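Asker: Submitted below is the structure of interest, expressed as structure tokens.
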Amino acid sequence: MVLTEKDLSTALNAKIIGSGSEVMVLAHGFGGDQSVWDKILPSLSQHYSVLIFDWNFSGAIDQDLNLYDPVKYSSYDAFANDLVELLDEMRLKSLVFVGHSMSGMIGCIASIKRPDLFKRLILVGSSPRYINTKGYEGGFGNSDIEQIISNVESNYQNWASAFASLAVDTKDPPSVDKFAKCLARMRAEVALPLAKTVFYSDERQVLDMVITPCTIIQTTKDCVVPNSVPLYMQKKIKGKSTVEMIEGDGHFPQLTAHLQFLDVLGRVLGFHDLGRD
């Protein structure tokens, strides 16, 4: 489907919350939708104009639009192009981009294409590669990823339920349930090719082209991304970058450790009261 001008923001359920003079964009990851930001949005919107949206693979998107083409979106590059198009359509630039998981790498790629759009990248639980290789610990062996893909293909809903419990801190059942419902809304025929794109991705070569200042946020125990990854990213990113560790389990600090997450953003962005508003 070809979208005309102003259609992309509508199709991706994009909206701006708050009226701050500076702009922040929140981009969710695999299986999510904009609701994963619900806990931190009220605080952030007191200080920023916050753009939230749903990626085209999300179950929150109008399925009749058929926006997700598995061939076109077989790499992060097409997502980065959509991000640039969305920001241009909404006439936003020089912004803070907060990308969770796969969206962190998408933001990195978009910042290389259009550095004028981005003032800072906040990369949350992001990874340039998930498969271990010589000199690099991604967290998974080839057989691990093959098993994940097989499980997604054979019974997506069962896998989604199990993955939600694995990826989100089980000491926070409401957050597990929130992500589980997001995953359940994503269509299986979308989830399978997208899982292949994500888990087989290798964007390590992108990092030394990123000149936008970066903050990498990671929980101390993330089953999806080992702690070696943010340190690797910090070393490889060309621009100034820092790593901020949040004590806790899981891949979703914005859900399970949202006050600590806001405190980190407050320190990085200069709003020291941010997490306590």
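Ligands are numbered from 1 in the order shown, residues from 1 within each chain, and chains are lettered A, B, ... in the order they appear in the structure tokens.
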Find the residues near stretch 166-171 of chain A: any atom within 9 Å, counting only C-alpha atoms, skip ones fewer than 4 places away on the same chain, and give them as number ranges by chain.
Answerer: A: 161-162, 175-176, 179, 222-224, 248-253, 255-256
Asker: If you take only C-alpha atoms and a cut-off of 12 Å, which residues of stretch 42-66 of chain A touch stretch 76-100 of chain A, and what are their nearest atom pairs and distances in Å to one decimal, in chain and number order, as a tab-separated table?
Answerer:
residue	atom	partner	partner_atom	distance
A:Leu44	CA	A:Val98	CA	11.5
A:Tyr48	CA	A:Val96	CA	9.5
A:Ser49	CA	A:Leu95	CA	9.8
A:Val50	CA	A:Val96	CA	9.4
A:Leu51	CA	A:Leu87	CA	9.4
A:Ile52	CA	A:Val98	CA	10.2
A:Phe53	CA	A:Leu86	CA	9.7
A:Asp54	CA	A:Leu83	CA	10.9
A:Trp55	CA	A:Phe79	CA	8.3
A:Asn56	CA	A:Phe79	CA	8.9
A:Phe57	CA	A:Phe79	CA	10.3
Asker: From a DSSP calculation on the backbone, collect every residue of stretch 25-196 of chain A in strand (DSSP E) and output the set as a VMD selection string.
Answerer: chain A and resid 25 to 27 49 to 52 95 to 100 118 to 124
Asker: Skipping near chain neighbours, those fewer than 2 positions away, what residues fall within 6 Å of A:Ile237 using only C-alpha atoms, listed as a list in words?
Answerer: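 Once the nearby chain positions are removed, what remains is Leu207, Asp208, Val210, Met233, Gln234, Lys235 and Gly239 of chain A.
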Asker: Ranking A:Arg129, A:His28, A:Lys39, A:Lys240 by minimum distance to A:Val225 and counting only C-alpha atoms, which one comes first?
Answerer: A:Arg129
Asker: Name the closest residue to A:Ala191 among the candidates A:Ser228, A:Ser241, A:Gln157, A:Thr133; distances are taken between atoms, counting only C-alpha atoms.
Answerer: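 So, comparing all the options, the nearest one is A:Gln157.
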Asker: How far is it from atom CA of A:Lys221 to atom CA of A:Tyr156, in Å with one decimal?
Answerer: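 It comes out at 25.3 Å.
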Asker: Can you measure atom CA of A:Lys119 to atom CA of A:Thr212 for me? One decimal in Å is fine.
Answerer: 6.5 Å
